[in-house]
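Enquirer: Below is the file query35.cif, which contains mmCIF, C-alpha atoms.
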data_model
#
loop_
_atom_site.group_PDB
_atom_site.id
_atom_site.type_symbol
_atom_site.label_atom_id
_atom_site.label_comp_id
_atom_site.auth_asym_id
_atom_site.auth_seq_id
_atom_site.Cartn_x
_atom_site.Cartn_y
_atom_site.Cartn_z
ATOM 1 C CA MET X 912 -56.867 -188.692 -79.406
ATOM 2 C CA THR X 913 -57.069 -189.424 -83.063
ATOM 3 C CA THR X 914 -58.817 -192.522 -84.304
ATOM 4 C CA GLU X 915 -55.519 -193.764 -85.728
ATOM 5 C CA LEU X 916 -53.774 -193.415 -82.372
ATOM 6 C CA LEU X 917 -56.585 -195.120 -80.467
ATOM 7 C CA SER X 918 -56.713 -197.892 -83.034
ATOM 8 C CA ALA X 919 -52.960 -198.417 -82.760
ATOM 9 C CA LEU X 920 -53.251 -198.731 -78.991
ATOM 10 C CA GLY X 921 -56.301 -200.996 -79.157
ATOM 11 C CA ASP X 922 -54.537 -204.299 -79.808
ATOM 12 C CA PRO X 923 -52.799 -206.381 -77.104
ATOM 13 C CA LYS X 924 -49.906 -207.356 -79.407
ATOM 14 C CA ARG X 925 -49.258 -203.752 -80.377
ATOM 15 C CA LEU X 926 -49.399 -202.737 -76.729
ATOM 16 C CA ALA X 927 -46.889 -205.496 -75.894
ATOM 17 C CA VAL X 928 -44.566 -204.212 -78.620
ATOM 18 C CA LEU X 929 -44.910 -200.605 -77.449
ATOM 19 C CA GLY X 930 -44.332 -201.745 -73.870
ATOM 20 C CA ALA X 931 -41.173 -203.590 -74.903
ATOM 21 C CA LEU X 932 -39.919 -200.461 -76.669
ATOM 22 C CA CYS X 933 -40.683 -198.280 -73.632
ATOM 23 C CA ALA X 934 -38.975 -200.680 -71.234
ATOM 24 C CA ALA X 935 -35.798 -200.895 -73.303
ATOM 25 C CA PRO X 936 -32.970 -198.549 -72.279
ATOM 26 C CA GLY X 937 -31.889 -198.038 -75.893
ATOM 27 C CA ALA X 938 -32.988 -198.798 -79.422
ATOM 28 C CA LEU X 939 -34.001 -202.360 -80.218
ATOM 29 C CA THR X 940 -34.159 -204.664 -83.201
ATOM 30 C CA VAL X 941 -37.272 -206.564 -84.282
ATOM 31 C CA ALA X 942 -35.800 -209.731 -82.758
ATOM 32 C CA GLY X 943 -35.079 -207.910 -79.478
ATOM 33 C CA ILE X 944 -38.601 -206.546 -79.323
ATOM 34 C CA GLY X 945 -40.041 -209.987 -80.028
ATOM 35 C CA ALA X 946 -37.982 -211.509 -77.228
ATOM 36 C CA ARG X 947 -39.101 -208.834 -74.757
ATOM 37 C CA ALA X 948 -42.762 -208.956 -75.828
ATOM 38 C CA GLY X 949 -42.944 -212.730 -76.203
ATOM 39 C CA LEU X 950 -44.118 -212.438 -79.799
ATOM 40 C CA PRO X 951 -42.916 -213.914 -83.105
ATOM 41 C CA GLU X 952 -41.079 -211.499 -85.396
ATOM 42 C CA ARG X 953 -43.945 -211.534 -87.914
ATOM 43 C CA ASP X 954 -46.367 -210.194 -85.269
ATOM 44 C CA VAL X 955 -43.781 -207.638 -84.166
ATOM 45 C CA GLN X 956 -43.340 -206.382 -87.728
ATOM 46 C CA ARG X 957 -47.095 -206.000 -88.198
ATOM 47 C CA ALA X 958 -47.398 -204.177 -84.897
ATOM 48 C CA LEU X 959 -44.467 -201.900 -85.746
ATOM 49 C CA ALA X 960 -46.092 -200.941 -89.054
ATOM 50 C CA VAL X 961 -49.273 -199.789 -87.301
ATOM 51 C CA LEU X 962 -47.463 -198.146 -84.373
ATOM 52 C CA GLY X 963 -45.103 -196.383 -86.784
ATOM 53 C CA GLY X 964 -48.078 -195.128 -88.805
ATOM 54 C CA ALA X 965 -49.462 -193.582 -85.615
ATOM 55 C CA GLY X 966 -46.098 -191.902 -84.915
ATOM 56 C CA LEU X 967 -45.326 -194.066 -81.878
ATOM 57 C CA VAL X 968 -42.122 -195.671 -83.193
ATOM 58 C CA ARG X 969 -38.853 -194.021 -84.247
ATOM 59 C CA ARG X 970 -36.490 -195.788 -86.582
ATOM 60 C CA ASP X 971 -32.892 -194.676 -86.904
ATOM 61 C CA ASP X 972 -29.431 -196.176 -87.435
ATOM 62 C CA ALA X 973 -29.370 -197.469 -83.849
ATOM 63 C CA GLY X 974 -32.644 -199.371 -84.234
ATOM 64 C CA LEU X 975 -36.201 -198.882 -83.034
ATOM 65 C CA SER X 976 -37.443 -196.878 -80.071
ATOM 66 C CA ALA X 977 -40.763 -195.614 -78.716
ATOM 67 C CA ASP X 978 -41.987 -192.057 -79.239
ATOM 68 C CA LEU X 979 -44.738 -191.249 -76.755
ATOM 69 C CA GLY X 980 -45.064 -187.674 -77.991
ATOM 70 C CA PRO X 981 -48.342 -188.356 -79.852
ATOM 71 C CA ILE X 982 -49.903 -189.847 -76.700
ATOM 72 C CA ARG X 983 -48.756 -186.881 -74.613
ATOM 73 C CA ALA X 984 -50.080 -184.447 -77.200
ATOM 74 C CA ALA X 985 -53.440 -186.211 -77.381
ATOM 75 C CA SER X 986 -53.659 -186.279 -73.602
ATOM 76 C CA ALA X 987 -52.870 -182.571 -73.338
ATOM 77 C CA SER X 988 -55.417 -181.805 -76.031
ATOM 78 C CA GLY X 989 -58.053 -183.822 -74.186
ATOM 79 C CA ALA X 990 -57.297 -182.076 -70.888
ATOM 80 C CA ALA X 991 -57.452 -178.665 -72.571
ATOM 81 C CA SER X 992 -60.938 -179.431 -73.880
ATOM 82 C CA THR X 993 -62.465 -179.928 -70.421
ATOM 83 C CA PRO X 994 -64.251 -177.055 -68.650
ATOM 84 C CA VAL X 995 -61.320 -176.738 -66.205
ATOM 85 C CA GLY X 996 -58.743 -177.116 -68.969
ATOM 86 C CA ARG X 997 -60.296 -174.278 -70.974
ATOM 87 C CA VAL X 998 -59.671 -171.782 -68.145
ATOM 88 C CA ALA X 999 -56.604 -173.351 -66.462
ATOM 89 C CA ALA X 1000 -54.114 -171.204 -68.395
ATOM 90 C CA ASP X 1001 -55.498 -168.162 -66.560
ATOM 91 C CA PHE X 1002 -54.570 -169.786 -63.229
ATOM 92 C CA PRO X 1003 -50.963 -171.040 -63.575
ATOM 93 C CA ARG X 1004 -50.375 -171.147 -59.806
ATOM 94 C CA LEU X 1005 -52.946 -173.961 -59.606
ATOM 95 C CA ASP X 1006 -51.098 -176.409 -61.885
ATOM 96 C CA GLY X 1007 -50.295 -178.616 -58.898
ATOM 97 C CA CYS X 1008 -54.001 -178.902 -58.050
ATOM 98 C CA LEU X 1009 -55.084 -179.974 -61.539
ATOM 99 C CA LYS X 1010 -54.686 -183.313 -63.261
ATOM 100 C CA ASN X 1011 -55.957 -184.337 -66.702
ATOM 101 C CA GLY X 1012 -58.166 -181.280 -66.999
ATOM 102 C CA ARG X 1013 -59.829 -181.806 -63.605
ATOM 103 C CA ILE X 1014 -59.429 -180.457 -60.093
ATOM 104 C CA ALA X 1015 -57.520 -183.142 -58.215
ATOM 105 C CA THR X 1016 -56.860 -181.405 -54.888
ATOM 106 C CA ILE X 1017 -57.984 -178.396 -52.921
ATOM 107 C CA PRO X 1018 -54.924 -176.511 -51.662
ATOM 108 C CA ALA X 1019 -54.373 -175.721 -47.979
ATOM 109 C CA ASP X 1020 -53.084 -172.207 -48.697
ATOM 110 C CA ASP X 1021 -55.868 -169.610 -48.403
ATOM 111 C CA GLY X 1022 -54.586 -167.594 -51.365
ATOM 112 C CA LEU X 1023 -54.584 -170.656 -53.592
ATOM 113 C CA LYS X 1024 -58.036 -171.637 -52.309
ATOM 114 C CA ALA X 1025 -59.334 -168.230 -53.368
ATOM 115 C CA GLU X 1026 -57.739 -168.654 -56.776
ATOM 116 C CA LEU X 1027 -59.243 -172.141 -57.092
ATOM 117 C CA GLY X 1028 -62.657 -170.667 -56.265
ATOM 118 C CA ARG X 1029 -62.251 -168.168 -59.090
ATOM 119 C CA LEU X 1030 -61.216 -170.973 -61.464
ATOM 120 C CA VAL X 1031 -64.297 -172.991 -60.506
ATOM 121 C CA MET X 1032 -66.576 -170.008 -61.101
ATOM 122 C CA ALA X 1033 -64.930 -169.402 -64.476
ATOM 123 C CA ALA X 1034 -65.397 -173.057 -65.456
ATOM 124 C CA LEU X 1035 -69.026 -173.365 -64.304
ATOM 125 C CA PRO X 1036 -71.754 -172.820 -66.873
ATOM 126 C CA ARG X 1037 -73.390 -169.413 -66.332
ATOM 127 C CA ARG X 1038 -76.766 -169.606 -64.614
ATOM 128 C CA ASP X 1039 -78.773 -167.255 -62.437
ATOM 129 C CA ALA X 1040 -79.273 -169.996 -59.838
ATOM 130 C CA TYR X 1041 -78.644 -173.675 -59.205
ATOM 131 C CA THR X 1042 -80.423 -176.185 -57.033
ATOM 132 C CA GLU X 1043 -78.056 -178.062 -54.731
ATOM 133 C CA ARG X 1044 -78.278 -181.096 -57.015
ATOM 134 C CA GLU X 1045 -77.619 -179.028 -60.149
ATOM 135 C CA LEU X 1046 -74.596 -177.336 -58.618
ATOM 136 C CA THR X 1047 -73.181 -180.624 -57.345
ATOM 137 C CA THR X 1048 -73.674 -182.211 -60.770
ATOM 138 C CA GLU X 1049 -71.900 -179.316 -62.494
ATOM 139 C CA LEU X 1050 -69.057 -179.438 -59.956
ATOM 140 C CA SER X 1051 -68.651 -183.199 -60.434
ATOM 141 C CA ALA X 1052 -67.684 -182.438 -64.037
ATOM 142 C CA LEU X 1053 -64.867 -180.238 -62.708
ATOM 143 C CA GLY X 1054 -63.367 -182.398 -59.971
ATOM 144 C CA ASP X 1055 -63.589 -185.553 -57.920
ATOM 145 C CA GLU X 1056 -64.890 -183.832 -54.761
ATOM 146 C CA PRO X 1057 -67.931 -181.794 -55.842
ATOM 147 C CA VAL X 1058 -69.292 -181.383 -52.309
ATOM 148 C CA ALA X 1059 -65.952 -179.978 -51.115
ATOM 149 C CA LEU X 1060 -65.886 -177.631 -54.105
ATOM 150 C CA ARG X 1061 -69.427 -176.474 -53.327
ATOM 151 C CA ARG X 1062 -68.421 -175.829 -49.697
ATOM 152 C CA LEU X 1063 -65.366 -173.901 -50.948
ATOM 153 C CA LEU X 1064 -67.567 -171.650 -53.105
ATOM 154 C CA VAL X 1065 -69.870 -170.970 -50.155
ATOM 155 C CA ASP X 1066 -66.974 -170.327 -47.757
ATOM 156 C CA LEU X 1067 -65.369 -167.923 -50.215
ATOM 157 C CA ARG X 1068 -68.758 -166.250 -50.710
ATOM 158 C CA LEU X 1069 -68.570 -166.828 -54.449
ATOM 159 C CA VAL X 1070 -72.056 -168.327 -54.320
ATOM 160 C CA GLU X 1071 -74.853 -167.266 -52.002
ATOM 161 C CA ARG X 1072 -77.563 -169.408 -50.540
ATOM 162 C CA PRO X 1073 -80.791 -168.153 -48.989
ATOM 163 C CA ALA X 1074 -81.680 -169.242 -45.459
ATOM 164 C CA ASP X 1075 -83.945 -172.013 -46.762
ATOM 165 C CA GLY X 1076 -80.984 -173.444 -48.740
ATOM 166 C CA SER X 1077 -83.125 -173.991 -51.817
ATOM 167 C CA ARG X 1078 -80.845 -172.323 -54.370
ATOM 168 C CA TYR X 1079 -77.256 -171.308 -54.939
ATOM 169 C CA ARG X 1080 -76.712 -168.035 -56.778
ATOM 170 C CA PRO X 1081 -73.436 -166.563 -58.002
ATOM 171 C CA ALA X 1082 -72.476 -163.746 -55.654
ATOM 172 C CA SER X 1083 -73.169 -160.276 -56.933
#
Can the structure from this file be put into structure tokens for me?

Expert:
Amino acid sequence: MTTELLSALGDPKRLAVLGALCAAPGALTVAGIGARAGLPERDVQRALAVLGGAGLVRRDDAGLSADLGPIRAASASGAASTPVGRVAADFPRLDGCLKNGRIATIPADDGLKAELGRLVMAALPRRDAYTERELTTELSALGDEPVALRRLLVDLRLVERPADGSRYRPAS
């Protein structure tokens, strides 16, 4: 997110104004926004100036309305900059398993599990070997269930572990 966008969203009055605009079925006037947000018109006007500068408010003949496009774009940009987000485009069938640039769920379908394993291997930093702690730490950057992801990689034989369990190595 840009500094301007974060700054615009960082004030309770501006958030109240944006919330009032989002909750309204149609375009509103300054007075209508003030009534919905519980703010005087002067505060609403100040908030609208900042929100408009960040691209979050549309003004037209019908009145004022919210434009959440900049927030969506910033969110998508943030997700695309994560390790999972950088490789997710190569795995479109896994969209339902990913949320905000992270692995949210492990699918039940074996084919999708195999694809998820390949995504994880593509997103992991390249190393010759990992200790269990190192691998779990790296996997925690990819999803909320790093132990389950580690088990998935072992089950799919994408990583190998010697009998003593001391290291995990990418399968050859």

Enquirer: Convert the output of the PyMOL selection byres ((chain X and resi 969-981) around 10) on the shown file into explicit residues, formatted as an MDAnalysis selection string.

Expert: chainID X and resid 912:913 916 928:941 943:944 959 962:963 965:968 982:987

Enquirer: Of the residues X:Gly964, X:Glu1043, X:Leu917, X:Glu952, which is the one nearest to Tyr1079 of chain X, using all atoms listed in the file?

Expert: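 The closest residue to Tyr1079 of chain X is X:Glu1043.
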
Enquirer: Take atom CA of Gly1028 of chain X and atom CA of Leu1067 of chain X and report the distance between them in Å, one decimal.

Expert: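 Interatomic distance here is 7.2 Å.
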
Enquirer: Hey, could you pull the box centre and edge lengths for segment 1033-1041 of chain X, axis-aligned, 8 Å padding per side, all listed atoms, to one decimal in Å, as lines of an AutoDock Vina configuration file?

Expert:
center_x = -72.1
center_y = -170.5
center_z = -63.0
size_x = 30.3
size_y = 22.4
size_z = 23.7

Enquirer: Evaluate the PyMOL selection byres ((chain X and resi 925) around 10) and record the selected residues as a ChimeraX atom specification, following the chain and residue labels used in the document.

Expert: /X:918-924,926-931,948,954-962

Enquirer: Nearest to Arg1029 of chain X among X:Gly1012, X:Pro1081, X:Pro951, X:Pro1073, with distances taken over all atoms listed in the file: which residue is it?

Expert: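 Once distances to Arg1029 of chain X are computed over all atoms listed in the file, the minimum belongs to X:Pro1081.
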
Enquirer: Calculate how many Å separate atom CA of Thr1042 of chain X from atom CA of Ala999 of chain X, rounding to one decimal.

Expert: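 Atom-to-atom, atom CA of Thr1042 of chain X and atom CA of Ala999 of chain X are spaced 25.8 Å apart.
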
Enquirer: Smallest atom-to-atom distance to Pro1057 of chain X: which of X:Glu1071, X:Gly1076, X:Ala1040, X:Val1031, using all atoms listed in the file?

Expert: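 Using all atoms listed in the file, the shortest distance to Pro1057 of chain X belongs to X:Val1031.
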
Enquirer: Quick one: contact table of segment 936-1046 of chain X to segment 1051-1055 of chain X, 8 Å max, nearest atom pair and distance in Å to one decimal per residue, counting all atoms listed in the file, chain and number order, as a tab-separated table?

Expert:
residue	atom	partner	partner_atom	distance
X:Pro994	CA	X:Leu1053	CA	6.8
X:Val995	CA	X:Leu1053	CA	6.1
X:Arg1013	CA	X:Gly1054	CA	5.1
X:Ile1014	CA	X:Gly1054	CA	4.4
X:Ala1015	CA	X:Gly1054	CA	6.2
X:Val1031	CA	X:Leu1053	CA	7.6
X:Ala1034	CA	X:Leu1053	CA	7.7

Enquirer: Would you mind reading off the distance between atom CA of Thr914 of chain X and atom CA of Asn1011 of chain X, one decimal, in Å?

Expert: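 Here the two named atoms are 19.6 Å from each other.
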
Enquirer: Quick check on the file I pasted: which residues fall under the PyMOL selection byres ((chain X and resi 1024) around 12)? Write them as a list of chain:residue names.

Expert: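 Checked against the file, the PyMOL selection byres ((chain X and resi 1024) around 12) matches X:Phe1002, X:Arg1004, X:Leu1005, X:Cys1008, X:Ile1014, X:Thr1016, X:Ile1017, X:Pro1018, X:Ala1019, X:Asp1020, X:Asp1021, X:Gly1022, X:Leu1023, X:Ala1025, X:Glu1026, X:Leu1027, X:Gly1028, X:Arg1029, X:Leu1030, X:Val1031, X:Ala1059, X:Leu1060, X:Arg1062, X:Leu1063, X:Leu1064, X:Asp1066, X:Leu1067, X:Leu1069.
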
Enquirer: For each of X:Val1058, X:Ala1033, X:Ser988, X:Ser1083, take the minimum atom-to-atom distance to Asp1001 of chain X, counting all atoms listed in the file, then give the residue where this is smallest.

Expert: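 Checking each of X:Val1058, X:Ala1033, X:Ser988, X:Ser1083 against Asp1001 of chain X, counting all atoms listed in the file, the winner is X:Ala1033.
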
Enquirer: Find the residue from X:Gly949, X:Lys1010, X:Pro1003, X:Arg1078 that sits nearest to Gly989 of chain X; use only C-alpha atoms when measuring.

Expert: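 Looking only at the distances to Gly989 of chain X, the closest residue turns out to be X:Lys1010.
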